[in-house]
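What follows is the content of my_file-v1.txt, which has compact mmCIF, C-alpha atoms:
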```
# COMPACT_ATOMS: atom_id res chain seq x y z
CA VAL A 46 -31.22 16.61 -28.16
CA ALA A 47 -28.23 16.16 -25.89
CA ALA A 48 -28.50 13.36 -23.34
CA ALA A 49 -29.00 14.60 -19.78
CA LYS A 50 -25.62 14.94 -18.09
CA LYS A 51 -25.20 12.21 -15.48
CA GLN A 52 -25.47 13.64 -11.95
CA LYS A 53 -22.05 13.50 -10.31
CA SER A 54 -21.99 11.71 -6.97
CA LEU A 55 -19.80 11.14 -3.92
CA SER A 56 -18.47 8.01 -5.71
CA ASP A 57 -17.20 10.21 -8.54
CA LEU A 58 -15.59 12.59 -6.04
CA PHE A 59 -13.96 9.60 -4.31
CA GLU A 60 -12.68 8.12 -7.59
CA ASP A 61 -11.28 11.51 -8.70
CA GLY A 62 -9.58 11.86 -5.32
CA VAL A 63 -7.97 8.43 -5.50
CA LYS A 64 -6.64 9.20 -9.00
CA ASP A 65 -5.34 12.56 -7.75
CA ILE A 66 -3.40 11.10 -4.81
CA TYR A 67 -2.15 8.20 -6.97
CA TYR A 68 -0.60 10.74 -9.35
CA ALA A 69 0.77 12.65 -6.35
CA GLU A 70 2.38 9.55 -4.78
CA LYS A 71 4.00 8.67 -8.11
CA ARG A 72 5.53 12.16 -8.28
CA ILE A 73 6.65 12.00 -4.63
CA VAL A 74 8.42 8.67 -5.18
CA LYS A 75 10.50 10.31 -7.91
CA THR A 76 11.21 13.43 -5.84
CA LEU A 77 12.24 11.93 -2.48
CA PRO A 78 15.56 10.46 -3.74
CA LYS A 79 16.62 13.93 -4.99
CA MET A 80 15.71 15.44 -1.63
CA ALA A 81 17.57 12.69 0.31
CA LYS A 82 20.64 13.23 -1.88
CA ALA A 83 20.63 16.98 -1.17
CA ALA A 84 20.26 16.54 2.62
CA THR A 85 23.41 17.08 4.66
CA ASP A 86 21.87 16.02 8.00
CA ASP A 87 22.14 12.24 8.48
CA ALA A 88 18.84 11.87 10.36
CA LEU A 89 16.97 13.89 7.74
CA ARG A 90 18.49 11.86 4.91
CA ALA A 91 17.58 8.59 6.65
CA GLY A 92 14.07 9.89 7.34
CA LEU A 93 13.52 10.80 3.68
CA GLN A 94 14.84 7.40 2.57
CA LYS A 95 12.54 5.63 5.06
CA HIS A 96 9.61 7.64 3.74
CA LEU A 97 10.53 6.67 0.17
CA LYS A 98 10.03 2.99 1.12
CA GLU A 99 6.72 3.86 2.82
CA THR A 100 5.60 5.79 -0.26
CA GLU A 101 6.14 2.70 -2.42
CA GLY A 102 3.78 0.93 0.00
CA HIS A 103 1.22 3.78 -0.33
CA ILE A 104 1.21 3.29 -4.10
CA ALA A 105 0.63 -0.45 -3.65
CA ARG A 106 -2.28 0.27 -1.24
CA LEU A 107 -3.85 2.69 -3.72
CA GLU A 108 -3.63 -0.01 -6.39
CA LYS A 109 -5.59 -2.27 -4.01
CA VAL A 110 -8.17 0.51 -3.56
CA PHE A 111 -8.54 0.78 -7.35
CA GLY A 112 -9.05 -3.01 -7.40
CA LEU A 113 -11.76 -2.75 -4.72
CA MET A 114 -13.47 -0.13 -6.92
CA GLY A 115 -13.24 -2.52 -9.89
CA LYS A 116 -11.06 -0.01 -11.73
CA THR A 117 -7.61 -0.03 -13.29
CA ALA A 118 -5.10 2.13 -11.39
CA ARG A 119 -4.72 5.42 -13.21
CA GLY A 120 -3.51 8.83 -12.07
CA LYS A 121 -5.06 12.20 -12.78
CA THR A 122 -2.84 15.28 -13.00
CA CYS A 123 -2.73 16.91 -9.58
CA PRO A 124 -1.76 20.59 -9.92
CA ALA A 125 -1.47 20.84 -6.12
CA ILE A 126 1.39 18.35 -5.80
CA ASP A 127 2.96 19.72 -8.99
CA GLY A 128 3.03 23.15 -7.35
CA ILE A 129 4.29 21.87 -3.99
CA ILE A 130 7.10 19.93 -5.70
CA GLU A 131 7.94 22.90 -7.94
CA GLU A 132 8.33 25.02 -4.83
CA GLY A 133 10.52 22.37 -3.20
CA GLY A 134 12.69 22.39 -6.33
CA GLU A 135 13.11 26.17 -6.04
CA VAL A 136 14.34 25.79 -2.45
CA LEU A 137 16.74 23.06 -3.57
CA ASP A 138 18.16 25.26 -6.34
CA GLU A 139 18.45 28.37 -4.21
CA PHE A 140 19.72 26.85 -0.95
CA ASN A 141 21.92 24.00 -2.15
CA GLY A 142 25.28 24.50 -0.45
CA SER A 143 23.74 26.80 2.17
CA PRO A 144 23.70 25.85 5.87
CA ALA A 145 19.92 26.33 5.64
CA ILE A 146 19.42 23.56 3.04
CA ASP A 147 18.26 20.94 5.57
CA ALA A 148 15.76 23.36 7.13
CA GLY A 149 14.45 24.10 3.62
CA LEU A 150 14.21 20.42 2.71
CA ALA A 151 12.40 19.55 5.94
CA ALA A 152 9.91 22.38 5.28
CA SER A 153 9.31 21.16 1.71
CA ALA A 154 8.76 17.62 2.95
CA GLN A 155 6.28 18.88 5.58
CA ALA A 156 4.28 20.69 2.87
CA VAL A 157 4.10 17.40 0.94
CA GLU A 158 3.03 15.46 4.07
CA HIS A 159 0.31 17.95 4.91
CA TYR A 160 -1.15 17.78 1.41
CA GLU A 161 -1.33 14.02 1.77
CA ILE A 162 -2.78 14.18 5.29
CA ALA A 163 -5.62 16.39 4.04
CA ARG A 164 -6.36 14.10 1.08
CA TYR A 165 -6.11 10.74 2.85
CA ARG A 166 -8.26 11.96 5.77
CA THR A 167 -11.01 13.01 3.36
CA LEU A 168 -10.73 9.88 1.19
CA ALA A 169 -10.87 7.55 4.21
CA SER A 170 -14.03 9.26 5.48
CA TRP A 171 -15.65 9.11 2.03
CA ALA A 172 -14.75 5.40 1.74
CA HIS A 173 -16.51 4.77 5.08
CA ALA A 174 -19.59 6.70 3.92
CA LEU A 175 -19.64 4.69 0.67
CA GLY A 176 -19.57 1.42 2.64
CA MET A 177 -16.06 0.58 1.40
CA GLY A 178 -14.62 -0.50 4.75
CA GLU A 179 -11.61 -2.31 3.31
CA ALA A 180 -10.60 0.69 1.20
CA ALA A 181 -11.11 2.97 4.22
CA ALA A 182 -8.78 0.78 6.32
CA LEU A 183 -6.05 0.92 3.64
CA LEU A 184 -6.36 4.70 3.33
CA GLU A 185 -6.23 5.09 7.12
CA GLN A 186 -3.03 3.03 7.34
CA THR A 187 -1.39 5.42 4.90
CA LEU A 188 -2.85 8.44 6.71
CA ASP A 189 -1.23 7.26 9.95
CA GLU A 190 2.15 6.92 8.20
CA GLU A 191 1.89 10.42 6.71
CA ILE A 192 1.07 11.89 10.12
CA ALA A 193 4.03 10.02 11.66
CA ALA A 194 6.34 11.23 8.86
CA ASP A 195 5.27 14.83 9.48
CA GLU A 196 5.80 14.48 13.24
CA ALA A 197 9.27 13.01 12.65
CA LEU A 198 10.16 16.05 10.51
CA VAL A 199 8.91 18.45 13.21
CA THR A 200 11.00 16.59 15.82
CA MET A 201 14.12 16.59 13.63
CA SER A 202 13.71 20.32 13.07
CA GLN A 203 13.32 20.98 16.81
CA GLN A 204 16.22 18.69 17.68
CA GLY A 205 18.79 20.48 15.62
CA ILE A 206 18.15 21.10 11.93
CA THR A 207 16.96 24.66 12.53
CA GLU A 208 19.63 25.47 15.14
CA ARG A 209 22.43 24.07 13.00
CA ALA A 210 21.28 26.17 10.04
CA LEU A 211 21.77 29.14 12.32
CA ASP A 212 25.12 28.09 13.86
CA LYS A 213 26.77 27.47 10.53
CA ALA A 214 25.49 30.75 9.15
CA ALA A 215 26.98 32.68 12.08
CA VAL B 120 36.20 38.32 -11.58
CA ALA B 121 32.65 37.75 -10.37
CA ALA B 122 31.90 38.66 -6.78
CA ALA B 123 31.41 35.65 -4.51
CA LYS B 124 27.72 34.79 -4.28
CA LYS B 125 26.38 35.71 -0.86
CA GLN B 126 25.80 32.59 1.24
CA LYS B 127 22.06 32.11 1.72
CA SER B 128 20.98 31.82 5.34
CA LEU B 129 18.03 30.83 7.51
CA SER B 130 16.99 34.51 7.41
CA ASP B 131 16.68 34.29 3.63
CA LEU B 132 14.66 31.10 3.92
CA PHE B 133 12.39 32.80 6.48
CA GLU B 134 11.92 35.88 4.31
CA ASP B 135 11.13 33.76 1.23
CA GLY B 136 8.64 31.78 3.31
CA VAL B 137 6.87 34.88 4.60
CA LYS B 138 6.57 36.21 1.02
CA ASP B 139 5.24 32.84 -0.13
CA ILE B 140 2.50 32.63 2.49
CA TYR B 141 1.63 36.32 2.00
CA TYR B 142 0.97 35.61 -1.70
CA ALA B 143 -0.98 32.47 -0.67
CA GLU B 144 -3.19 34.37 1.82
CA LYS B 145 -3.93 37.03 -0.80
CA ARG B 146 -5.08 34.32 -3.22
CA ILE B 147 -7.13 32.59 -0.51
CA VAL B 148 -8.94 35.80 0.39
CA LYS B 149 -10.09 36.06 -3.24
CA THR B 150 -11.09 32.39 -3.46
CA LEU B 151 -13.08 31.92 -0.23
CA PRO B 152 -16.05 34.09 -1.32
CA LYS B 153 -16.48 31.93 -4.47
CA MET B 154 -16.38 28.78 -2.34
CA ALA B 155 -18.88 30.20 0.18
CA LYS B 156 -21.21 31.17 -2.67
CA ALA B 157 -21.10 27.63 -4.11
CA ALA B 158 -21.77 25.94 -0.74
CA THR B 159 -25.32 24.64 -0.21
CA ASP B 160 -24.78 23.61 3.42
CA ASP B 161 -25.47 26.54 5.78
CA ALA B 162 -22.83 25.57 8.35
CA LEU B 163 -20.17 25.15 5.66
CA ARG B 164 -21.04 28.51 4.08
CA ALA B 165 -20.90 30.23 7.47
CA GLY B 166 -17.59 28.50 8.24
CA LEU B 167 -16.03 29.66 4.98
CA GLN B 168 -17.27 33.21 5.58
CA LYS B 169 -15.87 33.17 9.12
CA HIS B 170 -12.53 31.97 7.76
CA LEU B 171 -12.55 34.78 5.18
CA LYS B 172 -12.60 37.29 8.04
CA GLU B 173 -9.82 35.41 9.82
CA THR B 174 -7.76 35.35 6.60
CA GLU B 175 -7.96 39.14 6.41
CA GLY B 176 -6.48 39.14 9.91
CA HIS B 177 -3.71 36.74 8.80
CA ILE B 178 -2.74 39.17 6.04
CA ALA B 179 -2.58 42.02 8.57
CA ARG B 180 -0.38 39.89 10.88
CA LEU B 181 1.98 39.07 8.01
CA GLU B 182 2.27 42.78 7.26
CA LYS B 183 3.34 43.25 10.91
CA VAL B 184 5.91 40.47 10.44
CA PHE B 185 7.30 42.26 7.37
CA GLY B 186 7.49 45.41 9.49
CA LEU B 187 9.41 43.54 12.22
CA MET B 188 11.84 42.39 9.50
CA GLY B 189 12.22 45.98 8.34
CA LYS B 190 10.81 45.06 4.93
CA THR B 191 7.91 46.19 2.78
CA ALA B 192 5.15 43.55 2.48
CA ARG B 193 5.53 41.81 -0.86
CA GLY B 194 4.33 38.43 -2.08
CA LYS B 195 6.29 35.86 -4.06
CA THR B 196 4.45 33.58 -6.46
CA CYS B 197 3.58 30.38 -4.62
CA PRO B 198 3.02 27.56 -7.14
CA ALA B 199 1.76 25.31 -4.32
CA ILE B 200 -1.27 27.46 -3.46
CA ASP B 201 -1.83 28.15 -7.17
CA GLY B 202 -2.06 24.37 -7.73
CA ILE B 203 -4.27 23.76 -4.67
CA ILE B 204 -6.67 26.54 -5.74
CA GLU B 205 -6.65 25.31 -9.37
CA GLU B 206 -7.68 21.88 -8.13
CA GLY B 207 -10.42 23.40 -5.96
CA GLY B 208 -11.67 25.25 -9.06
CA GLU B 209 -11.87 21.95 -10.97
CA VAL B 210 -14.03 20.43 -8.21
CA LEU B 211 -16.25 23.51 -8.27
CA ASP B 212 -16.71 23.27 -12.06
CA GLU B 213 -17.32 19.54 -12.10
CA PHE B 214 -19.52 19.17 -9.01
CA ASN B 215 -21.53 22.38 -9.02
CA GLY B 216 -25.17 21.31 -8.81
CA SER B 217 -24.20 17.86 -7.54
CA PRO B 218 -25.21 16.66 -4.05
CA ALA B 219 -21.49 16.08 -3.49
CA ILE B 220 -20.54 19.75 -3.96
CA ASP B 221 -20.29 20.50 -0.22
CA ALA B 222 -18.11 17.43 0.39
CA GLY B 223 -15.85 18.59 -2.47
CA LEU B 224 -15.68 22.16 -1.15
CA ALA B 225 -14.86 21.01 2.37
CA ALA B 226 -12.08 18.79 0.97
CA SER B 227 -10.65 21.69 -1.06
CA ALA B 228 -10.72 23.95 1.98
CA GLN B 229 -8.93 21.29 4.07
CA ALA B 230 -6.17 21.06 1.45
CA VAL B 231 -5.74 24.84 1.73
CA GLU B 232 -5.68 24.71 5.55
CA HIS B 233 -3.08 21.95 5.61
CA TYR B 234 -0.78 23.87 3.29
CA GLU B 235 -1.00 26.82 5.65
CA ILE B 236 -0.52 24.66 8.76
CA ALA B 237 2.71 23.25 7.30
CA ARG B 238 4.02 26.70 6.37
CA TYR B 239 3.06 28.60 9.53
CA ARG B 240 4.44 25.84 11.77
CA THR B 241 7.80 26.04 10.00
CA LEU B 242 7.86 29.84 9.88
CA ALA B 243 7.03 30.17 13.59
CA SER B 244 9.86 27.80 14.52
CA TRP B 245 12.31 29.65 12.27
CA ALA B 246 11.24 32.99 13.79
CA HIS B 247 12.00 31.59 17.27
CA ALA B 248 15.42 30.35 16.12
CA LEU B 249 16.15 33.78 14.61
CA GLY B 250 15.31 35.45 17.92
CA MET B 251 12.20 37.12 16.46
CA GLY B 252 9.83 36.33 19.34
CA GLU B 253 7.17 38.87 18.37
CA ALA B 254 7.01 37.56 14.80
CA ALA B 255 6.89 33.98 16.12
CA ALA B 256 3.93 34.87 18.36
CA LEU B 257 2.02 36.42 15.42
CA LEU B 258 2.70 33.39 13.23
CA GLU B 259 1.60 31.03 16.01
CA GLN B 260 -1.69 32.89 16.45
CA THR B 261 -2.44 32.34 12.79
CA LEU B 262 -1.26 28.71 12.98
CA ASP B 263 -3.78 28.09 15.79
CA GLU B 264 -6.59 29.58 13.69
CA GLU B 265 -5.67 27.44 10.67
CA ILE B 266 -5.67 24.30 12.83
CA ALA B 267 -9.06 25.26 14.29
CA ALA B 268 -10.46 25.93 10.79
CA ASP B 269 -9.31 22.50 9.62
CA GLU B 270 -10.83 20.82 12.69
CA ALA B 271 -14.13 22.64 12.09
CA LEU B 272 -14.19 21.32 8.51
CA VAL B 273 -13.51 17.75 9.70
CA THR B 274 -16.34 18.06 12.26
CA MET B 275 -18.78 19.47 9.68
CA SER B 276 -17.93 16.63 7.32
CA GLN B 277 -18.48 14.03 10.05
CA GLN B 278 -21.68 15.71 11.23
CA GLY B 279 -23.48 15.50 7.95
CA ILE B 280 -21.84 16.92 4.82
CA THR B 281 -20.57 13.52 3.69
CA GLU B 282 -23.76 11.64 4.64
CA ARG B 283 -25.99 14.19 2.95
CA ALA B 284 -23.95 13.92 -0.27
CA LEU B 285 -24.76 10.24 -0.15
CA ASP B 286 -28.48 10.55 0.75
CA LYS B 287 -29.28 12.96 -2.02
CA ALA B 288 -27.38 10.86 -4.56
CA ALA B 289 -29.38 7.73 -3.65
```
Mind turning this structure into structure tokens?
Amino acid sequence: VAAAKKQKSLSDLFEDGVKDIYYAEKRIVKTLPKMAKAATDDALRAGLQKHLKETEGHIARLEKVFGLMGKTARGKTCPAIDGIIEEGGEVLDEFNGSPAIDAGLAASAQAVEHYEIARYRTLASWAHALGMGEAAALLEQTLDEEIAADEALVTMSQQGITERALDKAA
Amino acid sequence: VAAAKKQKSLSDLFEDGVKDIYYAEKRIVKTLPKMAKAATDDALRAGLQKHLKETEGHIARLEKVFGLMGKTARGKTCPAIDGIIEEGGEVLDEFNGSPAIDAGLAASAQAVEHYEIARYRTLASWAHALGMGEAAALLEQTLDEEIAADEALVTMSQQGITERALDKAA
């Protein structure tokens, strides 16, 4: 007789989510330097480089969260970030050398940020519900940085990246 | 001698983006009924069903945008939404029958919403830059509905979905 399957709980969902975003952050840290290198707009390049440094900090915070869970840090393949990064790579291939490359890069980066915003918001609220206040605070710090990174990309786009894509194409 | 490759422009980026989100919306419209069926929380199920109706409207708006571009509506494989939906499917498989299923479904739906928020925000701003005011207005209407759908999911999670996942697991 097979043993009864253990009922999956919110803790399992939380742990799966932390592994998912840990994998995602590790992929992002490898992708941002390629995006920064392809950027022709100085502010965009600096913004991507700044976010690379922040992302290294997000990985360190997640490792603390694993520690608070009494677990070893370990990623779990995240098809969502794989797909988002694959799409960003397509834009890079197709628009490299085009005046629209910076607009494309900023859009790809915003798709990455929004994935992370969704995940960190959920994980922080689950950590609170599970009574893991310290983990929740770490996740919220990262959430705030992801929101700020997205807002910076929106501002950069409004303040010239989109218009310049247009001017040069004319 | 090969003909010079046509320089890709912001218009090309916009057209690719509209095809990408059209494919994404078509996948979402097929996925939402499965998510609604799996939901055990009445408010969450109703919210997913309401968003299914809205999504049908988003597809119709995108078809108008294609018309404004003088193009036939056609999707382009979007690996990002494929990955996000694949991940949602994993949660559904692993947490079906668990008290945490509604929390998992709400999280999956928020990941979908955030992908759309990132894309529609960018597309609306590109439409403005390209002088396509009518297309921009259509894209902004959808953007507002995606933001509202995400906020409704956050509220539902705060108002009980997360806590109930915890209570039943105790």
Exercise. Find the spatial neighbours of segment 196-212 of chain A, counting all atoms listed in the file, within a cut-off of 10 Å - ignore same-chain residues fewer than 3 positions away - and output them as a ChimeraX atom specification.
Key: /A:85-86,88-89,92-93,143-152,154-155,158,190-193,215 /B:128-130,237,240-241,244-245,247-249
Quiz item: Between A:Arg90, A:His96, A:His159, A:Arg72, which is the closest to chain B once you count only C-alpha atoms?
Solution: A:His159
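Using only C-alpha atoms, the protein and nucleic acid residues lying no more than 9 Å from Cys123 of chain A, apart from those fewer than 3 places from it along its own chain, are A:Lys64, A:Asp65, A:Ile66, A:Tyr68, A:Ala69, A:Gly120, A:Ile126, A:Asp127, A:Gly128, B:Gly202, B:Ile203, B:Glu206.
Shortest atom-to-atom contact with chain B among A:Leu97, A:Leu113, A:Leu137, A:Leu58: A:Leu58, counting all atoms listed in the file.
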Quiz prompt | Coordinates-based distance that separates atom CA of Glu179 of chain A from atom CA of Lys109 of chain A (Å, one decimal) | solution = 9.5 Å
How would chain B read as a short mmCIF file (atom, residue, chain, number, x, y, z; two decimals) with C-alpha atoms, in the frame of the given file once least-squares superposed on chain A using all paired C-alpha atoms?
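Result written to selection35.cif:
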```
data_model
loop_
_atom_site.label_atom_id
_atom_site.label_comp_id
_atom_site.auth_asym_id
_atom_site.auth_seq_id
_atom_site.Cartn_x
_atom_site.Cartn_y
_atom_site.Cartn_z
CA VAL B 120 -31.59 16.55 -28.07
CA ALA B 121 -28.55 16.10 -25.86
CA ALA B 122 -28.71 13.35 -23.27
CA ALA B 123 -29.07 14.62 -19.71
CA LYS B 124 -25.66 14.92 -18.08
CA LYS B 125 -25.20 12.21 -15.48
CA GLN B 126 -25.45 13.65 -11.97
CA LYS B 127 -22.02 13.50 -10.34
CA SER B 128 -21.97 11.71 -7.00
CA LEU B 129 -19.79 11.14 -3.95
CA SER B 130 -18.47 8.02 -5.73
CA ASP B 131 -17.19 10.22 -8.55
CA LEU B 132 -15.57 12.58 -6.07
CA PHE B 133 -13.94 9.60 -4.33
CA GLU B 134 -12.67 8.14 -7.60
CA ASP B 135 -11.26 11.51 -8.72
CA GLY B 136 -9.57 11.86 -5.33
CA VAL B 137 -7.97 8.42 -5.49
CA LYS B 138 -6.63 9.21 -9.00
CA ASP B 139 -5.31 12.55 -7.75
CA ILE B 140 -3.39 11.10 -4.82
CA TYR B 141 -2.13 8.20 -6.96
CA TYR B 142 -0.57 10.73 -9.37
CA ALA B 143 0.78 12.66 -6.34
CA GLU B 144 2.39 9.55 -4.78
CA LYS B 145 4.01 8.66 -8.11
CA ARG B 146 5.54 12.15 -8.28
CA ILE B 147 6.66 11.98 -4.64
CA VAL B 148 8.41 8.66 -5.17
CA LYS B 149 10.50 10.30 -7.91
CA THR B 150 11.23 13.42 -5.85
CA LEU B 151 12.25 11.92 -2.48
CA PRO B 152 15.56 10.45 -3.73
CA LYS B 153 16.64 13.92 -4.98
CA MET B 154 15.73 15.43 -1.61
CA ALA B 155 17.58 12.69 0.31
CA LYS B 156 20.65 13.22 -1.87
CA ALA B 157 20.64 16.97 -1.15
CA ALA B 158 20.26 16.53 2.63
CA THR B 159 23.43 17.05 4.69
CA ASP B 160 21.87 16.01 8.01
CA ASP B 161 22.14 12.23 8.51
CA ALA B 162 18.84 11.87 10.39
CA LEU B 163 16.96 13.88 7.75
CA ARG B 164 18.48 11.84 4.91
CA ALA B 165 17.59 8.58 6.67
CA GLY B 166 14.07 9.88 7.33
CA LEU B 167 13.52 10.79 3.69
CA GLN B 168 14.84 7.39 2.59
CA LYS B 169 12.55 5.63 5.07
CA HIS B 170 9.60 7.63 3.74
CA LEU B 171 10.53 6.66 0.17
CA LYS B 172 10.02 3.01 1.13
CA GLU B 173 6.73 3.85 2.82
CA THR B 174 5.60 5.79 -0.27
CA GLU B 175 6.14 2.70 -2.40
CA GLY B 176 3.79 0.93 0.01
CA HIS B 177 1.23 3.77 -0.33
CA ILE B 178 1.22 3.29 -4.10
CA ALA B 179 0.62 -0.45 -3.65
CA ARG B 180 -2.27 0.27 -1.24
CA LEU B 181 -3.84 2.68 -3.72
CA GLU B 182 -3.63 0.00 -6.39
CA LYS B 183 -5.59 -2.28 -4.01
CA VAL B 184 -8.15 0.51 -3.57
CA PHE B 185 -8.53 0.77 -7.36
CA GLY B 186 -9.03 -3.00 -7.40
CA LEU B 187 -11.75 -2.74 -4.72
CA MET B 188 -13.45 -0.12 -6.93
CA GLY B 189 -13.22 -2.48 -9.88
CA LYS B 190 -11.04 0.01 -11.75
CA THR B 191 -7.59 -0.01 -13.31
CA ALA B 192 -5.07 2.15 -11.39
CA ARG B 193 -4.69 5.43 -13.23
CA GLY B 194 -3.48 8.83 -12.08
CA LYS B 195 -5.04 12.21 -12.80
CA THR B 196 -2.81 15.27 -13.01
CA CYS B 197 -2.72 16.90 -9.58
CA PRO B 198 -1.74 20.57 -9.94
CA ALA B 199 -1.45 20.85 -6.14
CA ILE B 200 1.40 18.34 -5.80
CA ASP B 201 2.98 19.71 -8.99
CA GLY B 202 3.05 23.17 -7.35
CA ILE B 203 4.31 21.86 -3.98
CA ILE B 204 7.12 19.91 -5.70
CA GLU B 205 7.97 22.89 -7.95
CA GLU B 206 8.36 25.03 -4.84
CA GLY B 207 10.54 22.37 -3.19
CA GLY B 208 12.71 22.38 -6.34
CA GLU B 209 13.14 26.16 -6.04
CA VAL B 210 14.37 25.78 -2.44
CA LEU B 211 16.76 23.05 -3.56
CA ASP B 212 18.19 25.26 -6.34
CA GLU B 213 18.49 28.36 -4.20
CA PHE B 214 19.76 26.84 -0.95
CA ASN B 215 21.94 23.99 -2.15
CA GLY B 216 25.30 24.48 -0.44
CA SER B 217 23.76 26.77 2.17
CA PRO B 218 23.71 25.83 5.88
CA ALA B 219 19.94 26.31 5.65
CA ILE B 220 19.44 23.55 3.05
CA ASP B 221 18.27 20.93 5.58
CA ALA B 222 15.77 23.36 7.14
CA GLY B 223 14.45 24.10 3.63
CA LEU B 224 14.22 20.41 2.72
CA ALA B 225 12.41 19.54 5.94
CA ALA B 226 9.93 22.38 5.27
CA SER B 227 9.32 21.15 1.71
CA ALA B 228 8.76 17.61 2.95
CA GLN B 229 6.28 18.87 5.58
CA ALA B 230 4.30 20.68 2.87
CA VAL B 231 4.11 17.39 0.95
CA GLU B 232 3.03 15.46 4.06
CA HIS B 233 0.30 17.95 4.90
CA TYR B 234 -1.14 17.76 1.40
CA GLU B 235 -1.32 14.00 1.77
CA ILE B 236 -2.78 14.18 5.29
CA ALA B 237 -5.61 16.41 4.02
CA ARG B 238 -6.35 14.11 1.08
CA TYR B 239 -6.11 10.74 2.84
CA ARG B 240 -8.25 11.97 5.75
CA THR B 241 -10.99 13.02 3.33
CA LEU B 242 -10.72 9.89 1.18
CA ALA B 243 -10.88 7.56 4.19
CA SER B 244 -14.03 9.27 5.46
CA TRP B 245 -15.64 9.12 2.01
CA ALA B 246 -14.76 5.42 1.72
CA HIS B 247 -16.52 4.78 5.06
CA ALA B 248 -19.60 6.71 3.90
CA LEU B 249 -19.63 4.70 0.65
CA GLY B 250 -19.57 1.45 2.62
CA MET B 251 -16.06 0.59 1.38
CA GLY B 252 -14.61 -0.48 4.74
CA GLU B 253 -11.59 -2.30 3.31
CA ALA B 254 -10.60 0.70 1.19
CA ALA B 255 -11.11 2.99 4.21
CA ALA B 256 -8.79 0.80 6.31
CA LEU B 257 -6.06 0.93 3.63
CA LEU B 258 -6.37 4.70 3.32
CA GLU B 259 -6.24 5.10 7.11
CA GLN B 260 -3.04 3.05 7.33
CA THR B 261 -1.40 5.42 4.90
CA LEU B 262 -2.87 8.45 6.69
CA ASP B 263 -1.24 7.27 9.94
CA GLU B 264 2.14 6.92 8.20
CA GLU B 265 1.88 10.41 6.69
CA ILE B 266 1.06 11.89 10.11
CA ALA B 267 4.01 10.03 11.66
CA ALA B 268 6.33 11.24 8.87
CA ASP B 269 5.27 14.84 9.47
CA GLU B 270 5.78 14.48 13.23
CA ALA B 271 9.26 13.01 12.65
CA LEU B 272 10.16 16.04 10.51
CA VAL B 273 8.91 18.45 13.20
CA THR B 274 10.97 16.59 15.83
CA MET B 275 14.11 16.60 13.66
CA SER B 276 13.70 20.32 13.07
CA GLN B 277 13.30 20.99 16.80
CA GLN B 278 16.19 18.69 17.69
CA GLY B 279 18.77 20.49 15.65
CA ILE B 280 18.14 21.11 11.95
CA THR B 281 16.95 24.67 12.53
CA GLU B 282 19.62 25.49 15.15
CA ARG B 283 22.41 24.08 13.02
CA ALA B 284 21.28 26.20 10.04
CA LEU B 285 21.74 29.16 12.33
CA ASP B 286 25.10 28.12 13.87
CA LYS B 287 26.79 27.52 10.57
CA ALA B 288 25.47 30.80 9.16
CA ALA B 289 26.91 32.78 12.11
#
```
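The gap separating atom CA of Gly115 of chain A from atom CA of Gly62 of chain A is 15.5 Å, in Å to one decimal.
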Padding 3 Å on every side, please: axis-aligned box over the listed atoms of segment 131-150 of chain B, centre and edge lengths to one decimal in Å, as lines of an AutoDock Vina configuration file.
```
center_x = 2.8
center_y = 34.1
center_z = 1.5
size_x = 33.8
size_y = 11.9
size_z = 15.9
```
Practice problem: Name all residues at most 12 Å from Tyr141 of chain B (count all atoms listed in the file; drop same-chain ones fewer than 2 positions away) and give them as a count of residues only. | Solution: 37
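Residue nearest chain B, chosen from A:Leu183, A:Lys116, A:Glu99, A:Asp195 and counting all atoms listed in the file: A:Asp195.
Using all atoms listed in the file, the nearest neighbour of chain A within the list B:Leu151, B:Ala199, B:Ala158, B:Leu262 is B:Ala199.
Between chain B and the candidates A:Asp138, A:Glu185, A:Glu131, A:Asp87, the tightest atom-to-atom separation, counting only C-alpha atoms, involves A:Glu131.
Compared by their closest atoms to Lys79 of chain A, and using only C-alpha atoms, the residues A:Met177, A:Ala182, A:Ile130, A:Met114 rank with A:Ile130 nearest.
Computed from the coordinates, the atom CA of Ile236 of chain B to atom CA of Ala268 of chain B distance equals 10.2 Å.
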